[in-house]
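A short write-up of the structure that comes next.
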Amino acid sequence: MASNVVTRFMEKHAALSGKPHRVRSSAEAADAIADILAAIGAQRVALANLSQELSAAIERTLSGKVLELRKEPFPASTLPHAIDDCQAGITGMAFGIAQTATLAEIAVNDAQRLVSALPRTHIGIVHAKDVVETLEDAAPLLRSIFQQNPSNCTVSFISGPSRTGDIELKLTLGVHGPGEQHAIIIEE
Amino acid sequence: MADVHQAALKARIVKALEEPKHSAALLRCMQRGRDNRARALTELPGGADFRGTVKAVKDRCIEHQVELVNRFIANAEARGTRVFCARNGQEAIDYVLKLASDRKAKVIAKSKSLTTEEIEINDPLIEAGLKVIETDLGELIIQLVHEKPYHLVFPSVHKMAADVAKIFAKETGTEVSEDIPSIMKVVRAYLRPIFLNADIGMTGANVGIAENGCIVIETNEGNGRLVSSIGDCHVCVMGIEKIVDTIEDAMLMVLAHPVSASGQLPTTYVTWMGGRSPLGEGESRGPRESHIILLDNGRRSTRDDVAMRESLNCIRCGACMNVCPTYGVVGGHVFGHIYPGPIGIPWTAQVHGLENAGAFASLCISCGLCKEICPAEIDMPMMIAEVKRRFAVEHGFAKAERTMMGADGFAALGSAMAPIANRMIQSKTARKVMRATLGIDERRALPPFTHQTFKKWFHARKRVSQESKRRVAFFVDVFANHNRPDLGQSAVELLERLGCEVALPEQRSSGYPFIAYGNLDKAREVATFNIARLAPFAKDGYDIVATEPTAAYCLKSAYLTLLHSSNDSEFVAGRSHEFFEYLIDFDTGTTEFPSLKGRRFGFHISCHQRPLGAGHGAVEWIRRHGGEVKIIETGTCCGMGGTFGLKSGPLGYDLSMAVGKPLFDLFNQSGVDAILTESSVCAIQLREGTGLPVYHPLELLAQ
Ligand code: SF4
Ligand code: SF4
């Protein structure tokens, strides 16, 4: 059952010009990330919203492969430039929606949003068990997120790379945000 | 005088007709929007059913608006957001000016927001010394050339890559090559420092949620995310009609909006923003604030205005722009004030005043297509008719409009004096006089009148009484009565051959021109008359049948709106049918009449027929009788627009021909022998535009 949802997510993500990857563990996710970063030659990478386990796996795998990993907490005085300066951003996602290939990001600090918004390449990581079928299914999830965060909280739905059709209706990627959007789905 | 008002509009139409490149780009955009939407609907569970749900949710939220707004404000404030209720644009502008000065702001980065376009906030901010930059690419392009949006979703659709390259070359002082990827690099580099250094980020909101005080911002480019996260101060300007009750309501809008706008599901970025977050840890540049300006600007009074209230259901998807035939030719600068396209007419009337709306409302030919595509099922044609009515109260009707609304009497006269009238409509001199006095274009071939009207024929003929299986009350329109009684005769004879008893209740012609030109009092009078005569038949078990699509549309839809769904109008609507949709149920193709084998027809769906089965009945009937038929369509109108194309000049014949051109081309390239259409006025247009023979399917009976 769960794997069908993931298949649907991946097909839709690819249809939206995204790049989906299915992996079986945090370690495999880190390997996939290393490949993506190698392909684009990323030297500075920002991380946000990751579990300890994932963060550790990524750091282990990337050590020696990229020059610099920037992590939370980001000193306010260095923002937004410290993140804009990165070639790739990697963030953990709260849930996914198969119908729209959406990665849902929870941010209580806008630095987390910038990691998925400023660099040219963004990699979002979601667990297969957290992928729901439809937009409708996502409504109760949003409700509980906002209830748990009664002061400030921003949820961002990210479905594929930044796109525009404003010139001659021709689909063009990456006008402001990432032109390359990866979704890594961990099936454990 | 309305004619004086229309003179300025006509001049703008003439200019637009001289720019066929703009229209070609716009038409491509509209076509693409329609095609993609249709494709998205096939993937959506329930297809177009979401329209009914959107309408129900919007109706409910507007009904409870007062409470929802209060709850939204309380919940947004609980999240630390400051909410300001602006009664009008000036109050909103003053609020932002003060905010900018308090914060010593220099740069405001904006994400696409029609509401800020509505109140024209940029100019006063710029005058106050602020640098205000639109970051949505389309908006930025038009900002740099000081224009207004050409289309709601694609504001710069009329600018080609080469134009855009020039615009950015001028702005950046560098060379920009004309290919899109190079332009994009320039745009990204140009806007990046603006995003990074903005003091204030200003956005609109697609939805506000009362339940939790959140706003929802949708963008494909991702500019909304940057604008709402980097600057220490975020200002959202939103109309109060955007506030819904629950997250589920908002989710429906998040679905309906992109499906209707471009057929893309979903919008790439949907930001659900609840309060302001810090940016990083430790000392930052200054306090992080968020402000929401809730704009009234005529919305509260619109809610109290029964005829216009539904316009608040608009979710700004732009779909109505993708079908509107005349908008597609003249574009949003002519067909619009600030809000372009169909919904632009009622919105302009409500927020920018009747004068501004009346200045372009007569571009609406009342085809009804916008209503059929709107995700909130807004009855725009009827609201536009109301705008025209109100404008006419101030300025009267234009000459040609008066003629068209008098068509009934004119036709009666034509029939009464058929030989003379027919000589007149053939005579060049007489036609010039008719243009001057009646506003009918002399280039338009008018159909001859017959002395014996359908009604006379019906009452004079002898009927053989027979056992009847069905009882039919026939509803005839002005044209079928005076110009082509033979069609009605064929219909009646066919029905009788199939065992129906046919009656002709007392009736007036449908009166649709009164709606089209905005004489709603007259339209209501005709509707009342006809419903009063038809309802007894309906109640007595008669099926009401009309051969003219517009007449059937009146019975099934327009009269209901005019008469506020009175019991009788509901009853009549429930028993009314478009002729072939009715016939197809029991004419199995066994009736004796010449086989259509070997003939190849192209079928034209008239606009008013789209909600009535879109010609399915006629097409099926022709196939059953051996004919080969394919539907040929551009997805919009042939341009005739009822009587619109009979009127002289740019606001009539010229525009009508320009609208029809792409369809004429399709027919001419299709290789069919003849065109079939059930609408008598579309037939005139297609005959003239294509040079092909055009028949009503019923005419085939006699051939
Ligand atoms: S009724 Fe037809 S012409 Fe009028 S605004 Fe709607 S789509 Fe345009
Ligand atoms: S009126 Fe309907 S179709 Fe037009 S923009 Fe509004 S919601 Fe969309």
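By order in the structure tokens, chains are A, B, ...; within a chain, residues start at 1; ligands start at 1, following the order shown.
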
Exercise answer, chain B residues close to chain A, 7 Å and only C-alpha atoms, as a PyMOL selection string = chain B and resi 29+79-80+137-138+154+156-157+160-161+184+188+196+220-223+226+229-230+247-248+251+265-266+268-284

Keeping only C-alpha atoms, write those residues as a compact mmCIF listing (two decimals), in the first residue's frame.
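Final file, part_19.txt:
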# COMPACT_ATOMS: atom_id res chain seq x y z
CA CYS B 29 -2.26 31.58 -24.22
CA ARG B 79 -0.03 34.93 16.29
CA GLY B 80 1.51 38.36 16.68
CA LEU B 137 8.44 38.08 -13.79
CA GLY B 138 5.27 38.98 -15.68
CA PHE B 154 -0.16 36.05 -17.52
CA SER B 156 2.76 40.22 -19.87
CA VAL B 157 1.52 37.65 -22.36
CA MET B 160 7.49 38.36 -26.90
CA ALA B 161 10.98 37.21 -25.86
CA MET B 184 16.18 34.24 -17.16
CA ARG B 188 17.67 36.15 -11.62
CA LEU B 196 18.25 39.90 -0.29
CA ASN B 220 5.03 29.22 -9.20
CA GLU B 221 8.25 31.15 -9.30
CA GLY B 222 8.94 31.08 -5.59
CA ASN B 223 9.16 34.84 -5.33
CA LEU B 226 11.51 35.01 -0.70
CA SER B 229 10.81 35.52 4.51
CA ILE B 230 13.77 37.86 4.03
CA ILE B 247 -8.32 24.68 6.39
CA GLU B 248 -10.45 22.31 4.29
CA MET B 251 -7.40 23.43 0.54
CA LEU B 265 -1.93 21.05 -10.46
CA PRO B 266 -0.58 22.13 -8.05
CA THR B 268 4.57 24.97 -7.31
CA TYR B 269 4.76 26.81 -4.01
CA VAL B 270 1.93 27.20 -1.54
CA THR B 271 2.93 29.06 1.59
CA TRP B 272 0.69 28.71 4.64
CA MET B 273 1.87 31.54 6.80
CA GLY B 274 0.79 31.86 10.41
CA GLY B 275 2.49 34.78 12.13
CA ARG B 276 6.05 36.03 11.75
CA SER B 277 9.08 33.87 12.38
CA PRO B 278 12.56 35.04 13.36
CA LEU B 279 15.31 34.85 10.75
CA GLY B 280 18.26 32.96 12.20
CA GLU B 281 19.42 33.12 15.80
CA GLY B 282 20.74 36.02 17.86
CA GLU B 283 20.95 39.70 16.92
CA SER B 284 19.16 40.46 13.66

Which residues come within 12 Å of Leu686 (chain B), counting only C-alpha atoms, excluding same-chain residues fewer than 3 positions away, as a VMD selection string?
-> chain B and resid 444 to 445 602 to 606 632 637 to 640 645 656 to 657 659 to 668 674 to 683 689 to 696

Set out as a tab-separated table a contact list for chain B and ligand 2 with a cut-off of 7 Å, giving each residue of chain B that qualifies its closest atom pair and distance in Å to one decimal, counting only C-alpha atoms and all ligand atoms, ordered by chain and rising residue number.
residue	atom	partner	partner_atom_place_in_ligand_line	distance
B:Ser260	CA	ligand 2	8 (Fe)	6.9
B:Ser311	CA	ligand 2	1 (S)	7.0
B:Asn313	CA	ligand 2	7 (S)	6.7
B:Cys314	CA	ligand 2	6 (Fe)	3.6
B:Ile315	CA	ligand 2	7 (S)	4.2
B:Arg316	CA	ligand 2	5 (S)	3.8
B:Cys317	CA	ligand 2	8 (Fe)	3.9
B:Gly318	CA	ligand 2	5 (S)	3.8
B:Ala319	CA	ligand 2	3 (S)	4.2
B:Cys320	CA	ligand 2	3 (S)	4.0
B:Met321	CA	ligand 2	4 (Fe)	6.5
B:Pro342	CA	ligand 2	4 (Fe)	6.7
B:Ile343	CA	ligand 2	1 (S)	4.8
B:Cys370	CA	ligand 2	3 (S)	6.4
B:Ile373	CA	ligand 2	3 (S)	6.1
B:Cys374	CA	ligand 2	3 (S)	3.6
B:Pro375	CA	ligand 2	7 (S)	5.5
B:Ala376	CA	ligand 2	7 (S)	5.5
B:Glu377	CA	ligand 2	2 (Fe)	6.6
B:Ile378	CA	ligand 2	2 (Fe)	5.9

Backbone-only DSSP, strand (DSSP E) members of region 124-168 of chain A, as a VMD selection string | chain A and resid 124 to 127 131 to 132 153 to 158 163 to 164

Expected selection as a ChimeraX atom specification for ligand 1 within 9 Å, only C-alpha atoms and all ligand atoms = /B:320-328,341-345,361-372,379-382,384,516,607,636-637,641

Could you write out that same residue set with C-alpha atoms as a compact mmCIF listing (two decimals), in the first residue's frame?
# COMPACT_ATOMS: atom_id res chain seq x y z
CA CYS B 320 -12.96 33.36 -17.67
CA MET B 321 -10.29 35.28 -19.53
CA ASN B 322 -9.36 32.10 -21.35
CA VAL B 323 -12.72 31.76 -23.07
CA CYS B 324 -13.93 35.29 -23.62
CA PRO B 325 -14.13 35.79 -27.39
CA THR B 326 -13.86 39.55 -27.61
CA TYR B 327 -11.29 39.83 -24.83
CA GLY B 328 -9.12 37.42 -26.84
CA GLY B 341 -11.62 40.25 -18.80
CA PRO B 342 -15.16 39.11 -18.00
CA ILE B 343 -15.03 39.36 -14.21
CA GLY B 344 -13.28 42.68 -14.74
CA ILE B 345 -16.61 44.24 -15.67
CA ALA B 361 -18.88 46.60 -20.67
CA SER B 362 -20.35 46.74 -24.17
CA LEU B 363 -17.49 44.48 -25.32
CA CYS B 364 -19.34 41.63 -23.66
CA ILE B 365 -21.42 39.85 -26.29
CA SER B 366 -23.23 37.79 -23.68
CA CYS B 367 -22.11 34.42 -25.00
CA GLY B 368 -22.15 32.94 -21.50
CA LEU B 369 -18.90 31.00 -21.90
CA CYS B 370 -17.27 32.61 -18.87
CA LYS B 371 -20.01 31.29 -16.64
CA GLU B 372 -19.48 27.76 -17.92
CA ASP B 379 -23.14 34.11 -13.46
CA MET B 380 -21.03 36.80 -15.06
CA PRO B 381 -23.21 37.39 -18.15
CA MET B 382 -26.15 38.31 -15.93
CA ILE B 384 -22.55 42.24 -16.72
CA ALA B 516 -27.27 41.07 -23.97
CA CYS B 607 -22.22 29.22 -27.25
CA THR B 636 -14.76 29.92 -27.95
CA CYS B 637 -17.34 31.81 -30.02
CA GLY B 641 -22.63 36.92 -30.35

Identify, on the basis of only C-alpha atoms, every residue whose closest approach to Ile622 (chain B) does not exceed 12 Å; exclude the query and any residue fewer than 2 positions from it along the same chain; express the result as a PyMOL selection string.
-> chain B and resi 580+583-584+587-589+593-603+615-620+624-631+676-677+696-701

Take the residues that were just selected and, keeping N, CA, C and O atoms, output them as a compact mmCIF listing (two decimals), in the first residue's frame.
# COMPACT_ATOMS: atom_id res chain seq x y z
N PHE B 580 -32.85 18.80 -30.54
CA PHE B 580 -32.23 17.50 -30.85
C PHE B 580 -31.91 16.69 -29.60
O PHE B 580 -31.90 15.47 -29.64
N LEU B 583 -35.12 15.02 -29.21
CA LEU B 583 -35.47 14.09 -30.28
C LEU B 583 -34.67 12.79 -30.18
O LEU B 583 -35.19 11.70 -30.46
N ILE B 584 -33.43 12.94 -29.78
CA ILE B 584 -32.50 11.82 -29.84
C ILE B 584 -32.96 10.64 -28.97
O ILE B 584 -32.62 9.50 -29.23
N ASP B 587 -36.10 9.28 -31.57
CA ASP B 587 -35.93 9.10 -33.01
C ASP B 587 -34.71 8.22 -33.22
O ASP B 587 -33.58 8.66 -33.14
N THR B 588 -34.96 6.97 -33.48
CA THR B 588 -33.85 6.03 -33.54
C THR B 588 -33.21 5.97 -34.92
O THR B 588 -32.38 5.12 -35.20
N GLY B 589 -33.64 6.86 -35.79
CA GLY B 589 -33.02 6.89 -37.10
C GLY B 589 -33.79 6.07 -38.12
O GLY B 589 -33.34 5.85 -39.23
N PHE B 593 -36.37 9.24 -44.45
CA PHE B 593 -35.98 10.49 -45.09
C PHE B 593 -34.60 10.29 -45.68
O PHE B 593 -33.93 9.31 -45.38
N PRO B 594 -34.20 11.13 -46.63
CA PRO B 594 -33.01 10.83 -47.43
C PRO B 594 -31.80 10.51 -46.55
O PRO B 594 -31.55 11.21 -45.58
N SER B 595 -31.11 9.49 -46.88
CA SER B 595 -29.92 9.11 -46.11
C SER B 595 -28.83 10.16 -46.32
O SER B 595 -28.73 10.78 -47.37
N LEU B 596 -28.04 10.36 -45.30
CA LEU B 596 -26.97 11.36 -45.38
C LEU B 596 -25.63 10.70 -45.70
O LEU B 596 -24.58 11.30 -45.58
N LYS B 597 -25.69 9.46 -46.12
CA LYS B 597 -24.46 8.71 -46.42
C LYS B 597 -23.59 9.45 -47.43
O LYS B 597 -24.08 10.01 -48.39
N GLY B 598 -22.30 9.45 -47.17
CA GLY B 598 -21.38 10.04 -48.13
C GLY B 598 -21.19 11.54 -47.94
O GLY B 598 -20.38 12.16 -48.61
N ARG B 599 -21.95 12.13 -47.02
CA ARG B 599 -21.79 13.57 -46.84
C ARG B 599 -20.94 13.85 -45.61
O ARG B 599 -21.02 13.16 -44.60
N ARG B 600 -20.11 14.89 -45.70
CA ARG B 600 -19.18 15.19 -44.60
C ARG B 600 -19.46 16.59 -44.08
O ARG B 600 -19.30 17.58 -44.78
N PHE B 601 -19.89 16.60 -42.85
CA PHE B 601 -20.27 17.88 -42.25
C PHE B 601 -19.31 18.28 -41.13
O PHE B 601 -18.77 17.42 -40.43
N GLY B 602 -19.14 19.58 -40.96
CA GLY B 602 -18.46 20.11 -39.78
C GLY B 602 -19.53 20.74 -38.90
O GLY B 602 -20.36 21.50 -39.39
N PHE B 603 -19.54 20.40 -37.63
CA PHE B 603 -20.59 20.91 -36.75
C PHE B 603 -20.07 22.07 -35.91
O PHE B 603 -18.98 21.99 -35.34
N GLY B 615 -24.46 20.22 -28.39
CA GLY B 615 -24.70 19.72 -29.74
C GLY B 615 -24.70 18.21 -29.85
O GLY B 615 -24.87 17.66 -30.94
N HIS B 616 -24.55 17.55 -28.73
CA HIS B 616 -24.48 16.08 -28.75
C HIS B 616 -25.69 15.47 -29.47
O HIS B 616 -25.56 14.55 -30.27
N GLY B 617 -26.87 16.01 -29.19
CA GLY B 617 -28.09 15.45 -29.78
C GLY B 617 -28.08 15.55 -31.30
O GLY B 617 -28.36 14.57 -32.00
N ALA B 618 -27.75 16.71 -31.81
CA ALA B 618 -27.77 16.91 -33.26
C ALA B 618 -26.72 16.04 -33.94
O ALA B 618 -26.99 15.40 -34.97
N VAL B 619 -25.54 16.00 -33.35
CA VAL B 619 -24.45 15.23 -33.95
C VAL B 619 -24.83 13.74 -34.01
O VAL B 619 -24.70 13.07 -35.03
N GLU B 620 -25.38 13.27 -32.91
CA GLU B 620 -25.78 11.87 -32.83
C GLU B 620 -26.88 11.57 -33.85
O GLU B 620 -26.88 10.55 -34.53
N ARG B 624 -26.80 8.89 -36.86
CA ARG B 624 -27.79 7.81 -36.99
C ARG B 624 -28.36 7.76 -38.39
O ARG B 624 -28.80 6.73 -38.86
N HIS B 625 -28.40 8.91 -39.04
CA HIS B 625 -28.94 8.95 -40.39
C HIS B 625 -27.86 8.82 -41.45
O HIS B 625 -28.08 9.15 -42.59
N GLY B 626 -26.71 8.39 -41.03
CA GLY B 626 -25.70 8.01 -42.01
C GLY B 626 -24.69 9.10 -42.34
O GLY B 626 -23.76 8.87 -43.12
N GLY B 627 -24.87 10.30 -41.82
CA GLY B 627 -23.95 11.39 -42.17
C GLY B 627 -22.65 11.30 -41.37
O GLY B 627 -22.62 10.79 -40.26
N GLU B 628 -21.59 11.80 -41.97
CA GLU B 628 -20.31 11.85 -41.27
C GLU B 628 -20.21 13.26 -40.72
O GLU B 628 -20.38 14.23 -41.47
N VAL B 629 -19.94 13.38 -39.43
CA VAL B 629 -19.91 14.73 -38.88
C VAL B 629 -18.85 14.85 -37.80
O VAL B 629 -18.67 13.94 -36.99
N LYS B 630 -18.09 15.93 -37.86
CA LYS B 630 -17.14 16.16 -36.77
C LYS B 630 -17.34 17.57 -36.22
O LYS B 630 -17.69 18.49 -36.96
N ILE B 631 -17.14 17.67 -34.93
CA ILE B 631 -17.27 18.98 -34.30
C ILE B 631 -16.00 19.77 -34.57
O ILE B 631 -14.89 19.26 -34.37
N LEU B 676 -22.79 22.57 -40.29
CA LEU B 676 -24.09 22.47 -39.66
C LEU B 676 -24.07 23.24 -38.35
O LEU B 676 -23.11 23.16 -37.59
N THR B 677 -25.09 24.01 -38.12
CA THR B 677 -25.25 24.64 -36.81
C THR B 677 -26.72 24.85 -36.55
O THR B 677 -27.51 25.02 -37.49
N HIS B 696 -28.95 24.30 -41.12
CA HIS B 696 -29.50 23.80 -39.87
C HIS B 696 -29.72 22.31 -40.11
O HIS B 696 -30.17 21.93 -41.20
N PRO B 697 -29.44 21.45 -39.15
CA PRO B 697 -29.63 20.02 -39.40
C PRO B 697 -31.03 19.69 -39.94
O PRO B 697 -31.18 18.79 -40.76
N LEU B 698 -32.03 20.47 -39.53
CA LEU B 698 -33.39 20.18 -39.99
C LEU B 698 -33.55 20.42 -41.48
O LEU B 698 -34.41 19.83 -42.12
N GLU B 699 -32.71 21.28 -42.03
CA GLU B 699 -32.80 21.54 -43.46
C GLU B 699 -32.46 20.31 -44.27
O GLU B 699 -32.87 20.16 -45.41
N LEU B 700 -31.67 19.43 -43.67
CA LEU B 700 -31.26 18.23 -44.39
C LEU B 700 -32.46 17.35 -44.71
O LEU B 700 -32.44 16.58 -45.65
N LEU B 701 -33.50 17.52 -43.92
CA LEU B 701 -34.72 16.75 -44.14
C LEU B 701 -35.32 17.05 -45.51
O LEU B 701 -35.87 16.18 -46.16

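Closest to Thr134 (chain A) among B:Leu255, B:Gln426, B:Arg610, B:Asp305 is B:Leu255, based on only C-alpha atoms.
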
Would you list the contacts of Gly64 (chain A) as a list in words, taking every protein, DNA or RNA residue within 12 Å and counting only C-alpha atoms, but skipping same-chain residues closer than 5 positions in sequence?
-> Ala34, Ala38, Gln43, Arg44, Ile58, Glu59 and Leu69 of chain A

Export of prior selection with N, CA and C atoms as an mmCIF file, in the first residue's frame:
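Written out: result_17.cif:
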data_model
loop_
_atom_site.group_PDB
_atom_site.id
_atom_site.type_symbol
_atom_site.label_atom_id
_atom_site.label_comp_id
_atom_site.auth_asym_id
_atom_site.auth_seq_id
_atom_site.Cartn_x
_atom_site.Cartn_y
_atom_site.Cartn_z
ATOM 1 N N ALA A 34 25.085 12.664 -1.867
ATOM 2 C CA ALA A 34 26.476 12.854 -2.302
ATOM 3 C C ALA A 34 26.556 12.833 -3.823
ATOM 4 N N ALA A 38 27.728 15.913 -6.127
ATOM 5 C CA ALA A 38 28.901 15.725 -6.996
ATOM 6 C C ALA A 38 28.558 16.150 -8.412
ATOM 7 N N GLN A 43 29.949 23.037 -3.521
ATOM 8 C CA GLN A 43 31.008 23.147 -2.524
ATOM 9 C C GLN A 43 30.474 23.617 -1.178
ATOM 10 N N ARG A 44 29.466 24.467 -1.228
ATOM 11 C CA ARG A 44 28.863 24.941 0.024
ATOM 12 C C ARG A 44 27.412 24.485 0.052
ATOM 13 N N ILE A 58 24.376 12.323 6.803
ATOM 14 C CA ILE A 58 24.784 13.207 5.696
ATOM 15 C C ILE A 58 26.184 13.763 5.960
ATOM 16 N N GLU A 59 26.381 14.222 7.192
ATOM 17 C CA GLU A 59 27.702 14.795 7.510
ATOM 18 C C GLU A 59 28.813 13.764 7.313
ATOM 19 N N LEU A 69 29.682 22.643 5.146
ATOM 20 C CA LEU A 69 28.288 22.336 5.453
ATOM 21 C C LEU A 69 27.795 23.389 6.432
#
